[in-house]
$ cat structure.cif   # mmCIF, C-alpha atoms and all ligand atoms
data_data
#
loop_
_atom_site.label_atom_id
_atom_site.label_comp_id
_atom_site.auth_asym_id
_atom_site.auth_seq_id
_atom_site.Cartn_x
_atom_site.Cartn_y
_atom_site.Cartn_z
CA MET A 28 -2.08 25.57 -19.74
CA SER A 29 -4.10 23.11 -17.64
CA THR A 30 -2.30 21.39 -14.75
CA MET A 31 -3.35 18.13 -16.41
CA THR A 32 -1.46 18.74 -19.66
CA GLY A 33 0.76 15.77 -20.50
CA LYS A 34 -0.56 13.55 -17.72
CA VAL A 35 -1.25 9.93 -18.61
CA ALA A 36 -4.71 8.61 -17.79
CA LEU A 37 -6.04 5.06 -18.03
CA VAL A 38 -9.83 4.62 -18.31
CA THR A 39 -11.59 1.24 -18.14
CA GLY A 40 -14.92 0.57 -19.86
CA ALA A 41 -14.17 3.50 -22.14
CA ALA A 42 -16.11 2.38 -25.24
CA ARG A 43 -19.30 4.25 -24.37
CA GLY A 44 -21.41 5.91 -21.68
CA ILE A 45 -19.74 7.38 -18.61
CA GLY A 46 -16.28 5.92 -19.44
CA GLN A 47 -16.29 7.54 -22.88
CA ALA A 48 -17.35 10.91 -21.42
CA ILE A 49 -14.55 10.71 -18.82
CA ALA A 50 -11.91 9.82 -21.44
CA LYS A 51 -13.03 12.73 -23.64
CA LYS A 52 -13.02 15.20 -20.74
CA LEU A 53 -9.52 14.13 -19.64
CA ALA A 54 -8.21 14.53 -23.21
CA LEU A 55 -9.77 17.99 -23.52
CA GLU A 56 -7.90 18.90 -20.30
CA GLY A 57 -4.65 17.80 -21.95
CA CYS A 58 -4.19 14.20 -20.80
CA ASP A 59 -2.89 11.43 -23.03
CA VAL A 60 -5.30 8.55 -22.61
CA ALA A 61 -5.04 4.76 -22.52
CA LEU A 62 -8.42 3.16 -23.16
CA CYS A 63 -9.49 -0.29 -22.02
CA ASP A 64 -12.60 -2.29 -22.88
CA LEU A 65 -13.57 -5.88 -23.57
CA LYS A 66 -13.07 -5.45 -27.33
CA ALA A 67 -10.58 -2.97 -28.80
CA GLU A 68 -12.71 -2.33 -31.90
CA TRP A 69 -15.55 -0.96 -29.74
CA LEU A 70 -13.18 1.84 -28.69
CA ALA A 71 -13.03 3.40 -32.19
CA GLU A 72 -15.51 6.20 -31.39
CA THR A 73 -13.68 7.14 -28.18
CA VAL A 74 -10.33 7.09 -30.03
CA GLY A 75 -11.79 9.66 -32.46
CA LEU A 76 -12.75 11.93 -29.56
CA ILE A 77 -9.25 11.78 -28.00
CA GLU A 78 -7.58 12.41 -31.37
CA ALA A 79 -9.91 15.35 -32.01
CA ALA A 80 -8.64 16.81 -28.72
CA GLY A 81 -5.10 16.46 -30.11
CA ARG A 82 -3.89 13.97 -27.50
CA LYS A 83 -2.13 10.62 -27.76
CA VAL A 84 -4.37 7.57 -27.40
CA LYS A 85 -3.76 3.82 -27.19
CA CYS A 86 -6.32 1.01 -26.91
CA PHE A 87 -6.05 -2.07 -24.73
CA GLU A 88 -8.39 -5.03 -24.93
CA ALA A 89 -9.02 -6.71 -21.56
CA ASP A 90 -11.63 -8.13 -19.27
CA VAL A 91 -11.06 -6.16 -16.05
CA SER A 92 -11.81 -9.25 -13.97
CA ASN A 93 -8.88 -11.17 -15.48
CA ALA A 94 -5.74 -10.62 -13.38
CA ALA A 95 -3.25 -11.56 -16.11
CA ALA A 96 -5.01 -9.34 -18.67
CA VAL A 97 -4.99 -6.39 -16.26
CA GLU A 98 -1.23 -6.81 -15.63
CA THR A 99 -0.67 -6.88 -19.39
CA VAL A 100 -2.64 -3.63 -19.83
CA VAL A 101 -0.69 -1.78 -17.14
CA ASP A 102 2.64 -3.11 -18.48
CA GLY A 103 1.55 -1.93 -21.94
CA VAL A 104 0.65 1.54 -20.64
CA MET A 105 4.06 1.84 -18.92
CA LYS A 106 5.85 0.76 -22.13
CA GLU A 107 3.80 3.05 -24.38
CA PHE A 108 3.54 6.17 -22.19
CA GLY A 109 6.36 5.68 -19.63
CA ARG A 110 4.12 6.49 -16.66
CA VAL A 111 0.55 6.39 -15.36
CA ASP A 112 -0.81 9.40 -13.46
CA ILE A 113 -4.54 8.76 -13.39
CA LEU A 114 -6.60 5.56 -13.22
CA ILE A 115 -10.36 5.63 -13.68
CA ASN A 116 -12.00 2.35 -12.67
CA ASN A 117 -15.24 2.72 -14.61
CA ALA A 118 -16.04 -0.67 -16.23
CA GLY A 119 -19.16 -2.12 -14.68
CA ILE A 120 -22.13 -4.36 -15.37
CA THR A 121 -25.56 -5.13 -13.94
CA LYS A 122 -27.44 -8.43 -13.79
CA ASP A 123 -30.60 -7.44 -11.98
CA THR A 124 -33.17 -9.70 -10.39
CA LEU A 125 -34.66 -10.23 -6.95
CA MET A 126 -32.29 -11.98 -4.55
CA ILE A 127 -34.44 -15.10 -4.21
CA ARG A 128 -34.23 -15.60 -8.00
CA MET A 129 -30.58 -14.58 -8.43
CA SER A 130 -28.23 -17.28 -9.72
CA GLU A 131 -24.78 -17.79 -8.28
CA GLN A 132 -23.41 -16.95 -11.77
CA ASP A 133 -25.12 -13.55 -11.82
CA TRP A 134 -23.82 -12.80 -8.34
CA ASP A 135 -20.25 -13.84 -9.27
CA ALA A 136 -20.25 -11.99 -12.62
CA VAL A 137 -21.19 -8.63 -11.13
CA ILE A 138 -18.83 -8.94 -8.15
CA SER A 139 -16.00 -10.03 -10.50
CA VAL A 140 -16.27 -7.14 -12.95
CA ASN A 141 -17.29 -4.31 -10.62
CA LEU A 142 -15.35 -5.13 -7.46
CA LYS A 143 -12.53 -7.53 -8.39
CA GLY A 144 -11.84 -5.52 -11.56
CA THR A 145 -11.42 -2.37 -9.49
CA PHE A 146 -9.13 -4.21 -7.06
CA LEU A 147 -6.97 -5.67 -9.86
CA PHE A 148 -6.44 -2.36 -11.67
CA THR A 149 -5.85 -0.42 -8.44
CA LYS A 150 -3.26 -2.99 -7.36
CA ALA A 151 -1.57 -2.98 -10.78
CA VAL A 152 -1.10 0.80 -10.93
CA ALA A 153 -0.25 1.19 -7.23
CA ARG A 154 3.38 0.16 -7.70
CA PRO A 155 4.27 2.58 -10.54
CA MET A 156 2.29 5.37 -8.88
CA MET A 157 4.04 4.86 -5.53
CA LYS A 158 7.41 4.88 -7.31
CA GLN A 159 6.47 8.10 -9.10
CA ARG A 160 5.31 9.56 -5.74
CA THR A 161 2.22 10.83 -7.50
CA GLY A 162 -1.05 9.46 -8.83
CA THR A 163 -4.81 9.70 -8.56
CA ILE A 164 -7.34 6.90 -8.76
CA VAL A 165 -11.06 7.52 -9.19
CA ASN A 166 -13.46 4.63 -8.78
CA VAL A 167 -16.94 4.78 -10.28
CA ALA A 168 -19.22 3.42 -7.56
CA SER A 169 -22.99 4.10 -7.38
CA ILE A 170 -25.53 5.53 -4.97
CA ILE A 171 -26.92 1.98 -4.95
CA GLY A 172 -23.76 1.03 -3.03
CA LEU A 173 -24.83 3.53 -0.36
CA ILE A 174 -28.58 2.91 -0.13
CA GLY A 175 -29.16 -0.56 -1.65
CA ASN A 176 -31.88 -1.42 -4.16
CA ALA A 177 -34.42 -4.21 -4.50
CA GLY A 178 -33.42 -6.33 -7.49
CA GLN A 179 -29.76 -5.28 -7.34
CA CYS A 180 -28.24 -7.05 -4.32
CA ASN A 181 -25.21 -8.17 -6.38
CA TYR A 182 -24.68 -4.68 -7.86
CA ALA A 183 -25.26 -2.92 -4.51
CA ALA A 184 -22.78 -5.23 -2.75
CA SER A 185 -20.20 -4.72 -5.50
CA LYS A 186 -20.46 -0.92 -5.32
CA ALA A 187 -20.45 -0.87 -1.51
CA GLY A 188 -17.30 -2.98 -1.84
CA VAL A 189 -15.81 -0.44 -4.26
CA ILE A 190 -16.43 2.29 -1.68
CA ALA A 191 -14.74 0.27 1.09
CA LEU A 192 -11.86 -0.58 -1.26
CA THR A 193 -11.51 3.13 -2.11
CA LYS A 194 -11.16 4.07 1.57
CA SER A 195 -8.72 1.24 2.35
CA ALA A 196 -6.51 1.93 -0.69
CA ALA A 197 -6.61 5.65 0.15
CA ARG A 198 -5.23 4.89 3.63
CA GLU A 199 -2.52 2.58 2.22
CA LEU A 200 -1.31 4.92 -0.52
CA ALA A 201 -1.69 8.39 1.01
CA SER A 202 1.87 8.60 2.35
CA ARG A 203 3.19 8.13 -1.23
CA ASN A 204 1.07 10.99 -2.54
CA VAL A 205 -1.34 8.66 -4.31
CA ARG A 206 -4.97 9.67 -3.77
CA VAL A 207 -7.96 7.37 -4.16
CA ASN A 208 -11.52 8.69 -4.32
CA ALA A 209 -14.88 7.59 -5.69
CA VAL A 210 -17.91 9.04 -7.41
CA ALA A 211 -21.35 7.60 -6.73
CA PRO A 212 -23.61 8.44 -9.66
CA GLY A 213 -27.39 8.26 -9.43
CA PHE A 214 -29.50 7.64 -12.52
CA ILE A 215 -27.39 8.50 -15.59
CA GLN A 216 -28.65 8.15 -19.18
CA THR A 217 -26.51 5.44 -20.78
CA LYS A 218 -26.99 2.02 -22.35
CA MET A 219 -26.93 0.56 -18.82
CA THR A 220 -30.12 2.41 -17.82
CA GLU A 221 -31.75 2.41 -21.30
CA ALA A 222 -33.23 -1.04 -20.75
CA LEU A 223 -35.12 -0.15 -17.55
CA PRO A 224 -38.93 -0.41 -17.80
CA GLU A 225 -40.91 2.84 -18.02
CA GLU A 226 -42.48 2.44 -14.55
CA VAL A 227 -39.03 2.07 -12.95
CA ARG A 228 -37.80 5.20 -14.77
CA LYS A 229 -40.88 7.12 -13.59
CA LYS A 230 -40.32 6.00 -9.98
CA MET A 231 -36.66 7.06 -10.21
CA MET A 232 -37.56 10.46 -11.66
CA ASP A 233 -40.02 11.09 -8.80
CA ALA A 234 -37.15 10.51 -6.34
CA ILE A 235 -34.77 13.02 -7.99
CA PRO A 236 -35.13 16.52 -6.46
CA MET A 237 -33.55 18.12 -9.56
CA GLY A 238 -36.22 16.48 -11.73
CA ARG A 239 -33.94 15.15 -14.46
CA PHE A 240 -31.75 12.15 -15.16
CA GLY A 241 -28.00 12.78 -15.25
CA GLN A 242 -25.85 12.82 -18.36
CA PRO A 243 -22.45 11.07 -18.60
CA GLU A 244 -20.82 14.55 -18.69
CA ASP A 245 -22.29 15.34 -15.25
CA VAL A 246 -20.29 12.44 -13.84
CA ALA A 247 -17.20 13.16 -15.97
CA ASN A 248 -16.98 16.71 -14.54
CA VAL A 249 -16.76 15.41 -10.97
CA VAL A 250 -14.32 12.66 -11.96
CA LEU A 251 -12.13 15.32 -13.56
CA PHE A 252 -12.14 17.28 -10.29
CA LEU A 253 -11.14 14.19 -8.25
CA ALA A 254 -8.48 13.18 -10.79
CA GLY A 255 -6.85 16.62 -10.89
CA GLU A 256 -4.96 19.03 -8.67
CA THR A 257 -8.04 20.99 -7.56
CA SER A 258 -8.87 18.11 -5.19
CA SER A 259 -5.28 17.86 -3.91
CA TYR A 260 -6.25 17.54 -0.21
CA MET A 261 -8.96 14.89 -0.73
CA THR A 262 -8.53 11.17 -0.42
CA GLY A 263 -10.85 8.29 0.54
CA GLN A 264 -13.91 10.40 -0.28
CA VAL A 265 -17.12 9.51 -2.09
CA LEU A 266 -18.91 12.25 -4.03
CA THR A 267 -22.51 11.59 -5.07
CA VAL A 268 -23.61 12.85 -8.51
CA CYS A 269 -27.33 12.20 -8.43
CA GLY A 270 -29.41 15.37 -8.69
CA GLY A 271 -29.98 15.25 -4.93
CA MET A 272 -31.45 11.72 -4.89
CA VAL A 273 -29.15 10.85 -1.97
CA MET A 274 -28.00 13.51 0.47
CA GLN A 275 -25.21 12.48 2.85
P1 LIG B 301 -22.29 1.14 -20.03
O1 LIG B 301 -22.89 2.12 -20.98
O2 LIG B 301 -22.83 -0.25 -19.97
O3 LIG B 301 -20.70 1.10 -20.27
C1 LIG B 301 -19.87 0.24 -19.54
C2 LIG B 301 -18.64 -0.07 -20.35
O4 LIG B 301 -17.84 -1.01 -19.60
C3 LIG B 301 -18.99 -0.75 -21.67
O5 LIG B 301 -18.17 -0.26 -22.70
C4 LIG B 301 -18.70 -2.19 -21.36
O6 LIG B 301 -18.40 -3.00 -22.48
C5 LIG B 301 -17.49 -2.09 -20.45
N1 LIG B 301 -17.28 -3.34 -19.72
C6 LIG B 301 -18.23 -4.13 -19.18
N2 LIG B 301 -17.66 -5.21 -18.62
C7 LIG B 301 -16.33 -5.11 -18.84
C8 LIG B 301 -15.22 -5.91 -18.52
N3 LIG B 301 -15.36 -7.07 -17.86
N4 LIG B 301 -13.98 -5.49 -18.88
C9 LIG B 301 -13.81 -4.35 -19.56
N5 LIG B 301 -14.83 -3.54 -19.90
C10 LIG B 301 -16.08 -3.91 -19.54
O7 LIG B 301 -22.39 1.66 -18.52
P2 LIG B 301 -22.36 3.13 -17.90
O8 LIG B 301 -23.75 3.47 -17.52
O9 LIG B 301 -21.53 4.06 -18.69
O10 LIG B 301 -21.61 2.77 -16.52
C11 LIG B 301 -20.24 3.04 -16.29
C12 LIG B 301 -19.99 2.87 -14.79
O11 LIG B 301 -20.85 3.75 -14.09
C13 LIG B 301 -20.29 1.47 -14.27
O12 LIG B 301 -19.33 1.10 -13.29
C14 LIG B 301 -21.64 1.62 -13.64
O13 LIG B 301 -21.88 0.67 -12.64
C15 LIG B 301 -21.54 3.02 -13.09
N6 LIG B 301 -22.83 3.66 -12.83
C16 LIG B 301 -23.72 3.90 -13.83
C17 LIG B 301 -24.94 4.50 -13.53
C18 LIG B 301 -25.97 4.80 -14.58
O14 LIG B 301 -27.07 5.24 -14.20
N7 LIG B 301 -25.70 4.61 -15.84
C19 LIG B 301 -25.24 4.85 -12.21
C20 LIG B 301 -24.31 4.60 -11.21
C21 LIG B 301 -23.11 4.01 -11.54
P3 LIG B 301 -19.56 -3.91 -23.15
O15 LIG B 301 -19.92 -3.22 -24.39
O16 LIG B 301 -18.98 -5.23 -23.32
O17 LIG B 301 -20.71 -4.00 -22.18
#
$ encode --input "structure.cif" --output "structure tokens"
Amino acid sequence: MSTMTGKVALVTGAARGIGQAIAKKLALEGCDVALCDLKAEWLAETVGLIEAAGRKVKCFEADVSNAAAVETVVDGVMKEFGRVDILINNAGITKDTLMIRMSEQDWDAVISVNLKGTFLFTKAVARPMMKQRTGTIVNVASIIGLIGNAGQCNYAASKAGVIALTKSAARELASRNVRVNAVAPGFIQTKMTEALPEEVRKKMMDAIPMGRFGQPEDVANVVLFLAGETSSYMTGQVLTVCGGMVMQ
């Protein structure tokens, strides 16, 4: 039996892409899974994957940047499952354009979802996890938060913020046996990257030593490691999953 059997995991932005792959992987390892996305009906496909793995699943509709909605989700998870062992802060958006053209709204939107959303969910689960004296939180950052990117100053700042939040929360929660780590994916094939123009994709590919784009499962595997017991002596760390695009 896996050491994750019966653990309760909460995954944000779980309707598709990396979040869906993470939720599926956790269920296959034996976790019961609470799913969160903007619209509950978009979670139907992910629900099917969790049920196929034979685990309990429950959907929560919330905008991760809304403090009251986040509190309601975590209260709901505690009522439904009685505990929360794993939080995956995955929901994220991009609104790309060069800084001189970027509107205040596009700046605020990306910071709100990617950074504030991660703060709100981390804060909301911190109390029950500290009480339990156990818990793991994995934040989905990005290599762009480490190296920056022209046309993504809002996104880069949000993900750099997620990394700093990860390290600070890790220091605050370590004594209660709650670990907080992050993954920093490179170029992963999802709806988020689908829209990129061909010349940008070509440029990206040239910068990837492994010569291929990543799949959501590549990220999910590393998230699973950070969420589980095999990483028991790691906290405040950032693992890149990028085919060698960034080497720290
Ligand atoms: P995706 O395919 O766009 O999926 C993101 C999910 O998050 C969608 O289901 C989306 O719902 C949901 N979401 C967006 N805003 C939300 C909000 N305010 N509240 C709740 N849910 C919300 O993206 P992805 O590529 O899987 O990315 C997942 C994470 O990985 C993000 O944090 C992203 O920044 C990070 N990442 C991705 C890549 C990559 O190359 N793909 C690289 C590095 C990091 P909607 O249907 O409403 O959009």
$ closest_residue --input "structure.cif" --among "A:Gly178, A:Pro155, A:Gly172, A:Gly271" --to "Thr124 of chain A" --atoms "all atoms listed in the file"
A:Gly178
$ atom_distance --input "structure.cif" --atom1 "atom CA of Met28 of chain A" --atom2 "atom CA of Arg82 of chain A"
14.1 Å
$ residues_near_ligand --input "structure.cif" --ligand "ligand LIG 301 (chain B)" --cutoff "8 Å" --atoms "all atoms listed in the file" --output "ChimeraX atom specification"
/A:39-47,63-66,69,88-92,116-121,139-141,144,167-171,182,186,211-220,241,243
$ closest_residue --input "structure.cif" --among "A:Val246, A:Ile138, A:Met156, A:Ala36" --to "Asn204 of chain A" --atoms "only C-alpha atoms"
A:Met156
$ residues_around --input "structure.cif" --residues "Ala247 of chain A" --least-positions-apart "5" --cutoff "7 Å" --atoms "all atoms listed in the file" --output "PyMOL selection string"
chain A and resi 45+48-49+52
$ closest_residue --input "structure.cif" --among "A:Met274, A:Ala136, A:Ala254, A:Cys269" --to "Leu114 of chain A" --atoms "only C-alpha atoms"
A:Ala254
$ closest_residue --input "structure.cif" --among "A:Gln132, A:Asn248, A:Thr30, A:Thr149" --to "Val189 of chain A" --atoms "all atoms listed in the file"
A:Thr149
$ atom_distance --input "structure.cif" --atom1 "atom CA of Leu142 of chain A" --atom2 "atom CA of Ala187 of chain A"
8.9 Å
$ closest_residue --input "structure.cif" --among "A:Asp133, A:Asp233, A:Glu72, A:Asp112" --to "Leu53 of chain A" --atoms "all atoms listed in the file"
A:Asp112
$ atom_distance --input "structure.cif" --atom1 "atom CA of Asn208 of chain A" --atom2 "atom CA of Val250 of chain A"
9.1 Å
$ residues_around --input "structure.cif" --residues "Val249 of chain A" --least-positions-apart "6" --cutoff "8 Å" --atoms "all atoms listed in the file" --output "ChimeraX atom specification"
/A:210,266,268
$ closest_residue --input "structure.cif" --among "A:Val60, A:Leu55, A:Ile235, A:Ala80" --to "Leu37 of chain A" --atoms "only C-alpha atoms"
A:Val60
$ axis_aligned_box --input "structure.cif" --around "segment 46-57 of chain A" --padding-each-side "3 Å" --output "AutoDock Vina command-line options"
--center_x -11.0 --center_y 12.4 --center_z -21.2 --size_x 18.7 --size_y 19.0 --size_z 10.8
$ residues_around --input "structure.cif" --residues "Gln264 of chain A" --least-positions-apart "3" --cutoff "9 Å" --atoms "all atoms listed in the file" --output "ChimeraX atom specification"
/A:190,193-194,197,207-210,261
$ residues_around --input "structure.cif" --residues "Met126 of chain A" --least-positions-apart "5" --cutoff "12 Å" --atoms "all atoms listed in the file" --output "VMD selection string"
chain A and resid 131 133 to 134 176 to 184
$ write_last_selection --input "structure.cif" --atoms "C-alpha atoms" --output "compact mmCIF listing (two decimals), keeping the file's coordinate frame"
# COMPACT_ATOMS: atom_id res chain seq x y z
CA GLU A 131 -24.78 -17.79 -8.28
CA ASP A 133 -25.12 -13.55 -11.82
CA TRP A 134 -23.82 -12.80 -8.34
CA ASN A 176 -31.88 -1.42 -4.16
CA ALA A 177 -34.42 -4.21 -4.50
CA GLY A 178 -33.42 -6.33 -7.49
CA GLN A 179 -29.76 -5.28 -7.34
CA CYS A 180 -28.24 -7.05 -4.32
CA ASN A 181 -25.21 -8.17 -6.38
CA TYR A 182 -24.68 -4.68 -7.86
CA ALA A 183 -25.26 -2.92 -4.51
CA ALA A 184 -22.78 -5.23 -2.75
$ residues_around --input "structure.cif" --residues "Arg110 of chain A" --least-positions-apart "2" --cutoff "10 Å" --atoms "all atoms listed in the file" --output "list in words"
Lys34, Val35, Ala36, Val101, Asp102, Val104, Met105, Lys106, Glu107, Phe108, Asp112, Ile113, Val152, Pro155, Met156, Gln159 and Gly162 of chain A
